[in-house]
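Have a look at start.pdb; it's PDB, C-alpha atoms and all ligand atoms:
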ATOM      1  CA  MET A   1     122.133 110.344 105.824
ATOM      2  CA  THR A   2     120.619 113.769 106.541
ATOM      3  CA  LEU A   3     117.332 113.900 108.362
ATOM      4  CA  PRO A   4     115.407 116.857 106.902
ATOM      5  CA  VAL A   5     113.810 119.104 109.529
ATOM      6  CA  THR A   6     111.767 122.188 108.718
ATOM      7  CA  PHE A   7     109.065 124.463 110.058
ATOM      8  CA  LEU A   8     105.662 124.451 108.367
ATOM      9  CA  GLU A   9     103.072 127.224 108.301
ATOM     10  CA  VAL A  10      99.396 126.574 107.621
ATOM     11  CA  VAL A  11      98.219 128.377 104.466
ATOM     12  CA  GLU A  12      94.884 126.647 103.858
ATOM     13  CA  VAL A  13      92.498 124.313 105.726
ATOM     14  CA  ARG A  14      89.597 122.453 104.149
ATOM     15  CA  ARG A  15      87.257 119.619 105.207
ATOM     16  CA  ILE A  16      87.489 117.254 102.244
ATOM     17  CA  THR A  17      85.050 114.892 103.983
ATOM     18  CA  PRO A  18      83.155 115.344 107.268
ATOM     19  CA  ARG A  19      85.978 113.536 109.159
ATOM     20  CA  THR A  20      89.048 114.551 107.149
ATOM     21  CA  ALA A  21      90.832 117.909 107.322
ATOM     22  CA  ARG A  22      93.202 118.678 104.466
ATOM     23  CA  VAL A  23      95.814 121.133 105.713
ATOM     24  CA  VAL A  24      98.101 122.856 103.229
ATOM     25  CA  PHE A  25     101.432 123.939 104.696
ATOM     26  CA  GLU A  26     104.172 126.187 103.338
ATOM     27  CA  ALA A  27     107.508 124.658 104.326
ATOM     28  CA  GLU A  28     110.524 126.822 105.175
ATOM     29  CA  ALA A  29     112.751 124.391 103.261
ATOM     30  CA  LEU A  30     111.951 121.396 101.066
ATOM     31  CA  ASP A  31     114.278 119.488  98.799
ATOM     32  CA  ASP A  32     113.335 118.176  95.351
ATOM     33  CA  SER A  33     112.801 114.593  96.541
ATOM     34  CA  VAL A  34     109.787 115.658  98.609
ATOM     35  CA  GLY A  35     106.653 114.652  96.747
ATOM     36  CA  ALA A  36     108.602 112.770  94.090
ATOM     37  CA  ALA A  37     107.619 109.279  95.326
ATOM     38  CA  PRO A  38     104.420 107.760  96.705
ATOM     39  CA  ASP A  39     103.874 106.954 100.398
ATOM     40  CA  GLN A  40     106.316 109.487 101.853
ATOM     41  CA  GLN A  41     106.141 109.476 105.646
ATOM     42  CA  VAL A  42     106.919 112.333 107.995
ATOM     43  CA  LYS A  43     106.809 113.090 111.699
ATOM     44  CA  LEU A  44     104.896 116.231 112.547
ATOM     45  CA  CYS A  45     106.001 118.098 115.664
ATOM     46  CA  PHE A  46     103.182 119.708 117.635
ATOM     47  CA  PRO A  47     103.784 122.574 120.104
ATOM     48  CA  ARG A  48     103.092 121.938 123.790
ATOM     49  CA  PRO A  49     100.282 123.899 125.462
ATOM     50  CA  GLY A  50     101.408 127.507 125.867
ATOM     51  CA  GLN A  51     103.852 127.353 122.946
ATOM     52  CA  GLN A  52     103.087 129.087 119.635
ATOM     53  CA  VAL A  53     105.798 127.214 117.771
ATOM     54  CA  PRO A  54     107.337 123.846 118.643
ATOM     55  CA  GLU A  55     110.912 123.779 119.936
ATOM     56  CA  LEU A  56     112.831 121.951 117.218
ATOM     57  CA  PRO A  57     116.456 120.799 117.091
ATOM     58  CA  PRO A  58     117.970 121.829 113.743
ATOM     59  CA  GLN A  59     118.452 119.489 110.793
ATOM     60  CA  SER A  60     121.230 117.002 111.342
ATOM     61  CA  ALA A  61     123.456 114.841 109.206
ATOM     62  CA  ASP A  62     123.114 112.241 111.952
ATOM     63  CA  PRO A  63     119.504 111.081 112.543
ATOM     64  CA  MET A  64     120.374 109.571 115.954
ATOM     65  CA  GLY A  65     122.054 112.847 116.892
ATOM     66  CA  TRP A  66     118.860 114.719 116.013
ATOM     67  CA  TYR A  67     116.778 112.355 118.105
ATOM     68  CA  GLN A  68     119.134 112.701 121.078
ATOM     69  CA  ALA A  69     118.901 116.509 120.798
ATOM     70  CA  TYR A  70     115.105 116.123 120.698
ATOM     71  CA  LEU A  71     115.118 113.946 123.843
ATOM     72  CA  ALA A  72     117.383 116.472 125.588
ATOM     73  CA  ILE A  73     114.584 119.096 125.434
ATOM     74  CA  PRO A  74     112.842 119.116 128.848
ATOM     75  CA  GLU A  75     109.643 117.070 128.576
ATOM     76  CA  ALA A  76     107.316 120.022 129.255
ATOM     77  CA  ALA A  77     108.724 121.806 126.178
ATOM     78  CA  ARG A  78     109.471 118.789 123.957
ATOM     79  CA  PRO A  79     107.176 118.718 120.916
ATOM     80  CA  LEU A  80     104.798 115.791 120.533
ATOM     81  CA  LEU A  81     105.644 113.716 117.462
ATOM     82  CA  ARG A  82     102.983 112.058 115.313
ATOM     83  CA  SER A  83     103.368 110.207 111.993
ATOM     84  CA  PHE A  84     101.662 111.397 108.818
ATOM     85  CA  THR A  85     101.835 110.900 105.053
ATOM     86  CA  LEU A  86     102.467 113.576 102.470
ATOM     87  CA  ARG A  87      99.289 113.490 100.433
ATOM     88  CA  ARG A  88     100.715 115.762  97.750
ATOM     89  CA  ARG A  89     103.281 118.431  97.050
ATOM     90  CA  ARG A  90     101.921 121.315  95.029
ATOM     91  CA  PRO A  91     104.053 121.361  91.869
ATOM     92  CA  GLY A  92     106.694 124.072  91.699
ATOM     93  CA  THR A  93     106.094 125.206  95.297
ATOM     94  CA  ARG A  94     107.189 124.474  98.851
ATOM     95  CA  GLN A  95     103.588 123.665  99.755
ATOM     96  CA  VAL A  96     102.555 120.218 100.972
ATOM     97  CA  GLU A  97      99.113 118.788 101.676
ATOM     98  CA  ILE A  98      98.481 116.526 104.646
ATOM     99  CA  ASP A  99      95.133 114.849 105.349
ATOM    100  CA  PHE A 100      94.229 114.451 109.030
ATOM    101  CA  VAL A 101      91.605 111.957 110.179
ATOM    102  CA  LEU A 102      89.474 113.761 112.759
ATOM    103  CA  HIS A 103      89.000 110.937 115.236
ATOM    104  CA  GLY A 104      88.165 113.161 118.222
ATOM    105  CA  ASP A 105      90.025 115.194 120.797
ATOM    106  CA  ALA A 106      91.790 112.302 122.555
ATOM    107  CA  GLY A 107      95.038 112.844 120.644
ATOM    108  CA  PRO A 108      97.026 116.065 120.150
ATOM    109  CA  ALA A 109      97.265 115.633 116.363
ATOM    110  CA  ALA A 110      93.556 115.130 115.720
ATOM    111  CA  ALA A 111      92.636 117.833 118.262
ATOM    112  CA  TRP A 112      95.047 120.268 116.556
ATOM    113  CA  ALA A 113      93.720 119.422 113.083
ATOM    114  CA  ALA A 114      90.101 119.944 114.131
ATOM    115  CA  ARG A 115      90.944 123.581 114.963
ATOM    116  CA  ALA A 116      93.786 124.243 112.506
ATOM    117  CA  ALA A 117      93.934 127.818 111.234
ATOM    118  CA  VAL A 118      96.001 129.776 108.722
ATOM    119  CA  GLY A 119      99.253 131.050 110.243
ATOM    120  CA  GLN A 120      99.745 128.239 112.780
ATOM    121  CA  ARG A 121     103.141 126.549 112.788
ATOM    122  CA  LEU A 122     104.309 122.954 113.217
ATOM    123  CA  GLY A 123     107.618 121.201 112.682
ATOM    124  CA  MET A 124     108.208 118.442 110.150
ATOM    125  CA  VAL A 125     110.889 115.755 110.272
ATOM    126  CA  GLY A 126     111.418 113.831 107.037
ATOM    127  CA  PRO A 127     110.569 112.460 104.608
ATOM    128  CA  SER A 128     113.836 110.584 104.743
ATOM    129  CA  ALA A 129     115.358 107.981 102.470
ATOM    130  CA  LEU A 130     115.999 106.136 105.750
ATOM    131  CA  TYR A 131     112.336 105.130 105.880
ATOM    132  CA  ALA A 132     111.817 104.597 102.145
ATOM    133  CA  PRO A 133     111.235 100.987 101.026
ATOM    134  CA  ALA A 134     114.304  99.124  99.737
ATOM    135  CA  VAL A 135     112.417  98.412  96.492
ATOM    136  CA  PRO A 136     110.337 101.363  95.245
ATOM    137  CA  PHE A 137     106.595 100.614  95.181
ATOM    138  CA  ALA A 138     106.237 100.890  91.400
ATOM    139  CA  ASP A 139     109.049  98.333  90.888
ATOM    140  CA  ALA A 140     107.628  95.923  93.490
ATOM    141  CA  ALA A 141     104.195  96.257  91.864
ATOM    142  CA  ALA A 142     105.547  95.761  88.346
ATOM    143  CA  ALA A 143     107.351  92.577  89.423
ATOM    144  CA  ALA A 144     104.146  91.051  90.869
ATOM    145  CA  ASP A 145     101.189  89.351  89.163
ATOM    146  CA  TRP A 146      98.787  91.646  90.980
ATOM    147  CA  VAL A 147      98.668  94.187  93.795
ATOM    148  CA  LEU A 148      96.610  94.292  96.979
ATOM    149  CA  LEU A 149      96.316  97.521  98.995
ATOM    150  CA  ALA A 150      94.309  97.441 102.215
ATOM    151  CA  GLY A 151      93.908  99.949 105.017
ATOM    152  CA  ASP A 152      91.642 102.287 106.934
ATOM    153  CA  GLU A 153      91.151 106.026 106.520
ATOM    154  CA  THR A 154      94.545 106.838 108.099
ATOM    155  CA  ALA A 155      96.078 104.838 105.236
ATOM    156  CA  LEU A 156      93.998 106.620 102.611
ATOM    157  CA  PRO A 157      96.529 109.433 101.957
ATOM    158  CA  ALA A 158      99.179 106.774 101.261
ATOM    159  CA  VAL A 159      96.774 104.594  99.272
ATOM    160  CA  ALA A 160      95.883 107.593  97.107
ATOM    161  CA  THR A 161      99.558 108.150  96.240
ATOM    162  CA  LEU A 162     100.130 104.418  95.702
ATOM    163  CA  VAL A 163      97.223 103.958  93.263
ATOM    164  CA  GLY A 164      98.637 106.980  91.443
ATOM    165  CA  ALA A 165     101.922 105.080  91.028
ATOM    166  CA  LEU A 166     100.428 101.711  89.957
ATOM    167  CA  PRO A 167     101.787 100.337  86.691
ATOM    168  CA  ALA A 168      98.873 100.299  84.217
ATOM    169  CA  ALA A 169      99.401  96.657  83.263
ATOM    170  CA  VAL A 170      99.208  95.199  86.779
ATOM    171  CA  PRO A 171      95.754  94.329  88.170
ATOM    172  CA  ALA A 172      95.132  95.877  91.571
ATOM    173  CA  VAL A 173      92.539  95.378  94.276
ATOM    174  CA  VAL A 174      92.065  98.023  96.977
ATOM    175  CA  PHE A 175      90.115  97.737 100.255
ATOM    176  CA  VAL A 176      89.571 100.868 102.331
ATOM    177  CA  GLU A 177      87.644 100.867 105.597
ATOM    178  CA  ILE A 178      85.988 104.228 106.302
ATOM    179  CA  ALA A 179      83.563 105.389 108.980
ATOM    180  CA  ASP A 180      80.691 105.741 106.503
ATOM    181  CA  GLU A 181      79.898 106.497 102.869
ATOM    182  CA  ALA A 182      80.504 110.232 103.328
ATOM    183  CA  GLU A 183      84.219 109.470 103.820
ATOM    184  CA  ARG A 184      84.802 108.176 100.277
ATOM    185  CA  GLN A 185      87.416 110.108  98.327
ATOM    186  CA  PRO A 186      88.217 110.164  94.628
ATOM    187  CA  LEU A 187      91.307 108.067  93.797
ATOM    188  CA  GLU A 188      93.191 108.975  90.643
ATOM    189  CA  SER A 189      95.183 106.310  88.834
ATOM    190  CA  GLY A 190      96.600 105.544  85.411
ATOM    191  CA  ALA A 191      95.693 101.906  86.156
ATOM    192  CA  GLU A 192      92.231 100.532  86.804
ATOM    193  CA  PRO A 193      92.240  99.305  90.387
ATOM    194  CA  VAL A 194      89.109  97.627  91.726
ATOM    195  CA  VAL A 195      88.305  99.669  94.828
ATOM    196  CA  HIS A 196      86.117  98.375  97.672
ATOM    197  CA  TRP A 197      84.899 101.063 100.075
ATOM    198  CA  LEU A 198      83.866  99.449 103.357
ATOM    199  CA  SER A 199      81.732 101.333 105.880
ATOM    200  CA  ARG A 200      82.629 100.539 109.468
ATOM    201  CA  GLY A 201      79.202 101.306 110.862
ATOM    202  CA  GLY A 202      79.350 100.522 114.562
ATOM    203  CA  ALA A 203      81.956  97.748 114.225
ATOM    204  CA  ALA A 204      85.334  97.764 115.957
ATOM    205  CA  PRO A 205      88.147  99.439 113.966
ATOM    206  CA  GLY A 206      89.448  97.103 111.279
ATOM    207  CA  ALA A 207      86.849  94.341 111.775
ATOM    208  CA  VAL A 208      85.000  95.076 108.528
ATOM    209  CA  LEU A 209      88.262  95.365 106.597
ATOM    210  CA  VAL A 210      89.634  92.052 107.851
ATOM    211  CA  GLU A 211      86.349  90.287 107.160
ATOM    212  CA  ALA A 212      86.125  91.695 103.615
ATOM    213  CA  VAL A 213      89.645  90.588 102.681
ATOM    214  CA  ARG A 214      89.059  87.149 104.244
ATOM    215  CA  ALA A 215      85.883  86.695 102.197
ATOM    216  CA  ALA A 216      87.238  88.135  98.937
ATOM    217  CA  GLU A 217      87.890  86.167  95.792
ATOM    218  CA  LEU A 218      91.334  87.481  94.904
ATOM    219  CA  PRO A 219      93.300  87.157  91.637
ATOM    220  CA  ALA A 220      95.633  84.194  91.124
ATOM    221  CA  GLY A 221      99.424  84.474  91.105
ATOM    222  CA  ARG A 222     101.970  86.156  93.357
ATOM    223  CA  PRO A 223     100.792  89.511  94.692
ATOM    224  CA  PHE A 224     102.583  92.506  96.123
ATOM    225  CA  VAL A 225     100.662  93.490  99.247
ATOM    226  CA  TRP A 226     100.635  96.791 101.136
ATOM    227  CA  LEU A 227      98.783  96.955 104.468
ATOM    228  CA  ALA A 228      98.343  99.834 106.922
ATOM    229  CA  GLY A 229      95.841 100.985 109.527
ATOM    230  CA  GLU A 230      94.939  99.934 113.072
ATOM    231  CA  ALA A 231      97.770  97.668 114.224
ATOM    232  CA  GLY A 232      95.614  94.727 115.333
ATOM    233  CA  ALA A 233      93.744  94.705 112.026
ATOM    234  CA  VAL A 234      96.990  94.899 110.046
ATOM    235  CA  ARG A 235      98.332  91.958 112.060
ATOM    236  CA  ALA A 236      95.167  89.908 111.423
ATOM    237  CA  LEU A 237      95.259  90.693 107.696
ATOM    238  CA  ARG A 238      98.892  89.700 107.376
ATOM    239  CA  ARG A 239      98.294  86.461 109.312
ATOM    240  CA  HIS A 240      95.369  85.618 107.031
ATOM    241  CA  LEU A 241      97.349  86.311 103.853
ATOM    242  CA  VAL A 242     100.397  84.318 104.979
ATOM    243  CA  ASP A 243      98.693  81.402 106.748
ATOM    244  CA  GLY A 244      95.387  81.302 104.877
ATOM    245  CA  ARG A 245      96.435  82.219 101.348
ATOM    246  CA  GLY A 246     100.117  81.293 101.230
ATOM    247  CA  VAL A 247     101.367  84.786 100.369
ATOM    248  CA  PRO A 248     105.145  84.916 101.008
ATOM    249  CA  LYS A 249     106.014  87.211 103.931
ATOM    250  CA  ALA A 250     108.529  88.986 101.705
ATOM    251  CA  SER A 251     105.679  90.070  99.402
ATOM    252  CA  ILE A 252     103.903  91.985 102.165
ATOM    253  CA  ASP A 253     104.749  95.536 103.219
ATOM    254  CA  PHE A 254     102.821  96.160 106.459
ATOM    255  CA  THR A 255     102.663  98.947 109.054
ATOM    256  CA  GLY A 256     100.462  99.434 112.094
ATOM    257  CA  TYR A 257      99.541 103.121 111.823
ATOM    258  CA  TRP A 258      97.771 103.455 115.160
ATOM    259  CA  ARG A 259      96.772 101.329 118.122
ATOM    260  CA  HIS A 260      93.262 101.000 119.512
ATOM    261  CA  ARG A 261      93.173 102.630 122.986
ATOM    262  CA  LEU A 262      96.929 103.442 122.911
ATOM    263  CA  THR A 263      98.577 106.693 121.873
ATOM    264  CA  GLN A 264     101.691 106.998 119.725
ATOM    265  CA  ASP A 265     103.576 107.918 122.914
ATOM    266  CA  ASP A 266     102.657 104.703 124.738
ATOM    267  CA  ALA A 267     105.333 102.013 124.936
ATOM    268  CA  PRO A 268     105.278  99.269 122.297
ATOM    269  CA  THR A 269     103.434  96.081 123.259
ATOM    270  CA  ALA A 270     105.019  92.645 122.865
ATOM    271  CA  GLU A 271     103.063  92.279 119.593
ATOM    272  CA  ASP A 272     104.386  95.639 118.318
ATOM    273  CA  LEU A 273     107.948  94.514 119.049
ATOM    274  CA  ALA A 274     107.352  91.197 117.254
ATOM    275  CA  ASP A 275     105.994  93.117 114.232
ATOM    276  CA  ALA A 276     109.072  95.368 114.246
ATOM    277  CA  GLN A 277     111.320  92.292 114.224
ATOM    278  CA  GLU A 278     109.380  90.832 111.291
ATOM    279  CA  ARG A 279     109.629  94.101 109.377
ATOM    280  CA  LEU A 280     113.368  94.226 109.958
ATOM    281  CA  ALA A 281     113.729  90.607 108.858
ATOM    282  CA  GLY A 282     111.814  91.391 105.661
ATOM    283  CA  SER A 283     113.727  94.568 104.782
TER     284      SER A 283
HETATM  285  C1  LIG B 301     103.699 105.979 108.660
HETATM  286  C2  LIG B 301     102.364 106.529 109.154
HETATM  287  C3  LIG B 301     101.622 107.380 108.351
HETATM  288  C4  LIG B 301     100.392 107.887 108.797
HETATM  289  N1  LIG B 301      99.692 108.751 107.996
HETATM  290  C5  LIG B 301      98.548 109.329 108.454
HETATM  291  C6  LIG B 301      97.859 110.315 107.689
HETATM  292  O1  LIG B 301      98.314 110.723 106.602
HETATM  293  N2  LIG B 301      96.707 110.827 108.193
HETATM  294  C7  LIG B 301      96.209 110.428 109.419
HETATM  295  O2  LIG B 301      95.154 110.944 109.837
HETATM  296  N3  LIG B 301      96.846 109.519 110.175
HETATM  297  C8  LIG B 301      98.004 108.968 109.724
HETATM  298  N4  LIG B 301      98.683 108.059 110.505
HETATM  299  C9  LIG B 301      98.068 107.648 111.778
HETATM  300  C10 LIG B 301      98.304 108.647 112.911
HETATM  301  O3  LIG B 301      99.700 108.815 113.131
HETATM  302  C11 LIG B 301      97.642 108.103 114.197
HETATM  303  O4  LIG B 301      96.252 108.010 114.029
HETATM  304  C12 LIG B 301      98.002 108.924 115.444
HETATM  305  O5  LIG B 301      97.694 108.137 116.578
HETATM  306  C13 LIG B 301      97.245 110.226 115.519
HETATM  307  O6  LIG B 301      97.731 110.933 116.637
HETATM  308  P1  LIG B 301      96.761 111.639 117.689
HETATM  309  O7  LIG B 301      97.615 112.586 118.441
HETATM  310  O8  LIG B 301      95.553 112.164 116.995
HETATM  311  O9  LIG B 301      96.299 110.420 118.615
HETATM  312  P2  LIG B 301      97.151 109.656 119.756
HETATM  313  O10 LIG B 301      97.567 110.591 120.831
HETATM  314  O11 LIG B 301      98.225 108.840 119.117
HETATM  315  O12 LIG B 301      96.032 108.668 120.312
HETATM  316  C14 LIG B 301      94.976 109.136 121.178
HETATM  317  C15 LIG B 301      93.808 108.135 121.141
HETATM  318  O13 LIG B 301      93.213 108.188 119.846
HETATM  319  C16 LIG B 301      93.121 106.875 119.285
HETATM  320  N5  LIG B 301      93.306 106.995 117.827
HETATM  321  C17 LIG B 301      94.424 107.336 117.157
HETATM  322  N6  LIG B 301      94.190 107.367 115.829
HETATM  323  C18 LIG B 301      92.901 107.020 115.663
HETATM  324  C19 LIG B 301      92.051 106.868 114.534
HETATM  325  N7  LIG B 301      92.476 107.092 113.275
HETATM  326  N8  LIG B 301      90.754 106.503 114.724
HETATM  327  C20 LIG B 301      90.273 106.296 115.992
HETATM  328  N9  LIG B 301      91.030 106.426 117.102
HETATM  329  C21 LIG B 301      92.319 106.786 116.945
HETATM  330  C22 LIG B 301      94.214 106.050 119.987
HETATM  331  O14 LIG B 301      93.865 104.688 120.032
HETATM  332  C23 LIG B 301      94.227 106.673 121.385
HETATM  333  O15 LIG B 301      93.250 106.069 122.204
HETATM  334  C24 LIG B 301      99.903 107.532 110.084
HETATM  335  C25 LIG B 301     100.672 106.675 110.906
HETATM  336  C26 LIG B 301     101.893 106.176 110.446
HETATM  337  C27 LIG B 301     102.715 105.287 111.355
END

For the structure just supplied, provide its representation as structure tokens.
Ligand SMILES: Cc1cc2nc3c(=O)[nH]c(=O)nc-3n(C[C@H](O)[C@H](O)[C@H](O)COP(=O)(O)OP(=O)(O)OC[C@H]3O[C@@H](n4cnc5c(N)ncnc54)[C@H](O)[C@@H]3O)c2cc1C
Amino acid sequence: MTLPVTFLEVVEVRRITPRTARVVFEAEALDDSVGAAPDQQVKLCFPRPGQQVPELPPQSADPMGWYQAYLAIPEAARPLLRSFTLRRRRPGTRQVEIDFVLHGDAGPAAAWAARAAVGQRLGMVGPSALYAPAVPFADAAAAADWVLLAGDETALPAVATLVGALPAAVPAVVFVEIADEAERQPLESGAEPVVHWLSRGGAAPGAVLVEAVRAAELPAGRPFVWLAGEAGAVRALRRHLVDGRGVPKASIDFTGYWRHRLTQDDAPTAEDLADAQERLAGS
């Protein structure tokens, strides 16, 4: 299965909320599947200090081969990889929109996004069918009695595409934790999801989200659940839904998007590895 790899050039940058930068990129190459499904995930490749453009192994028919070529680049020149979601592809173009949460300068992705300017270049790996769900979201949602989507602002680009793909007949409840009210974004959907915007205030990441879902009166029947955001919060939500509400594990699609006080380069913790095992078992 080919792993798509392309260079991106910034063509537009906008603050859609005080803490979210929407960057529009023109891709060198983009196949028709890009933007055709919700929740498409990519790895962005950021240049190292002193580089204008990241050093990028070419596209490969063998994803492991690409990754080995990536690892063979000396560390000082090897691009930093960070995961993002395609918010939207502009119809009829090779332009894609990606929304970056501006969480400070501690990480290369957020620091880059805070200063992004037209003409800058990144690399993009994916989206790949390798990482697509076995059952497309719209089918999983249509087969359920109701849908639950829960996440923080890093999950909001994916949530926005998922509510856009909700079948109109299936009730849906959405919980999004944001820093404050100014971070709300319009969500467009052909369905009528009930959306709860939860301001974090000074609370720890994910605490308000977990508490809100725990306290919620949720619809009856078998749901399809999608969870993403800070890994500890995602873990707590999944535990609550499985142990506290009897939701079958197979009905929950969950991903830790970031880890409090750990970067995406830091080694996985024992809990991360256990989550990965569970995800594999459920796929
Ligand atoms: C499949 C997937 C899709 C994702 N989609 C998006 C997306 O569309 N938009 C988006 O903004 N993010 C998205 N994320 C999350 C993003 O990859 C992480 O937030 C990542 O850590 C950002 O990289 P960085 O270089 O800024 O920070 P890192 O170098 O990874 O981390 C540096 C420090 O910042 C902290 N940190 C990281 N993220 C946050 C945060 N959001 N709030 C507060 N502190 C943080 C870390 O705990 C660490 O202490 C996605 C993640 C995954 C796995």

Could you list the protein, DNA and RNA residues that have any atom within 9 Å of ligand LIG 301 (chain B), counting all atoms listed in the file, and write them as an NGL selection string?
:A and (20-21 or 39-43 or 80-87 or 98-113 or 152-158 or 205 or 228-230 or 255-266)

Just give me the gap between atom CA of A:Gln185 and atom CA of A:Ala129 in Å, one decimal is fine.
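Calculated distance between atom CA of A:Gln185 and atom CA of A:Ala129 is 28.3 Å.
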
When the PyMOL selection byres (((chain A and resi 141) around 10) and not hetatm) is applied to the file above, which residues end up in the set, as a PyMOL selection string?
chain A and resi 135-140+142-148+162+165-167+169-172+223-226+251

Atomic distance atom CA of A:Ala132 - atom CA of A:Val159, expressed in Å with one decimal:
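Going from atom CA of A:Ala132 over to atom CA of A:Val159, I get 15.3 Å.
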
If we count all atoms listed in the file and set the cut-off at 7 Å, which residues sit around A:Glu97, ignoring sequence neighbours fewer than 2 positions away in its own chain? Please answer as a PyMOL selection string.
chain A and resi 22-25+86-89+95+99

Restricted to C-alpha atoms, what would the selected residues look like written as a PDB file, in the frame of the given file?
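Listing of part11.pdb after writing:
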ATOM      1  CA  ARG A  22      93.202 118.678 104.466  1.00  0.00           C
ATOM      2  CA  VAL A  23      95.814 121.133 105.713  1.00  0.00           C
ATOM      3  CA  VAL A  24      98.101 122.856 103.229  1.00  0.00           C
ATOM      4  CA  PHE A  25     101.432 123.939 104.696  1.00  0.00           C
ATOM      5  CA  LEU A  86     102.467 113.576 102.470  1.00  0.00           C
ATOM      6  CA  ARG A  87      99.289 113.490 100.433  1.00  0.00           C
ATOM      7  CA  ARG A  88     100.715 115.762  97.750  1.00  0.00           C
ATOM      8  CA  ARG A  89     103.281 118.431  97.050  1.00  0.00           C
ATOM      9  CA  GLN A  95     103.588 123.665  99.755  1.00  0.00           C
ATOM     10  CA  ASP A  99      95.133 114.849 105.349  1.00  0.00           C
TER      11      ASP A  99
END

Output stretch 58-69 of chain A with N, CA and C atoms present, as a CSV table (one decimal), in the coordinates of the input.
chain,number,residue,atom,x,y,z
A,58,PRO,N,117.8,121.6,115.2
A,58,PRO,CA,118.0,121.8,113.7
A,58,PRO,C,118.3,120.5,113.0
A,59,GLN,N,118.1,120.6,111.7
A,59,GLN,CA,118.5,119.5,110.8
A,59,GLN,C,119.8,118.9,111.1
A,60,SER,N,120.0,117.6,111.0
A,60,SER,CA,121.2,117.0,111.3
A,60,SER,C,121.6,116.0,110.3
A,61,ALA,N,123.0,115.9,110.1
A,61,ALA,CA,123.5,114.8,109.2
A,61,ALA,C,123.4,113.5,109.9
A,62,ASP,N,123.1,113.5,111.2
A,62,ASP,CA,123.1,112.2,112.0
A,62,ASP,C,121.7,112.1,112.6
A,63,PRO,N,120.9,111.2,112.0
A,63,PRO,CA,119.5,111.1,112.5
A,63,PRO,C,119.5,110.8,114.0
A,64,MET,N,120.4,109.9,114.5
A,64,MET,CA,120.4,109.6,116.0
A,64,MET,C,120.7,110.8,116.8
A,65,GLY,N,121.7,111.6,116.2
A,65,GLY,CA,122.1,112.8,116.9
A,65,GLY,C,120.9,113.8,117.0
A,66,TRP,N,120.0,113.9,116.0
A,66,TRP,CA,118.9,114.7,116.0
A,66,TRP,C,117.9,114.2,117.1
A,67,TYR,N,117.7,112.9,117.2
A,67,TYR,CA,116.8,112.4,118.1
A,67,TYR,C,117.3,112.6,119.5
A,68,GLN,N,118.6,112.5,119.7
A,68,GLN,CA,119.1,112.7,121.1
A,68,GLN,C,118.9,114.2,121.5
A,69,ALA,N,119.1,115.1,120.5
A,69,ALA,CA,118.9,116.5,120.8
A,69,ALA,C,117.4,116.7,121.1
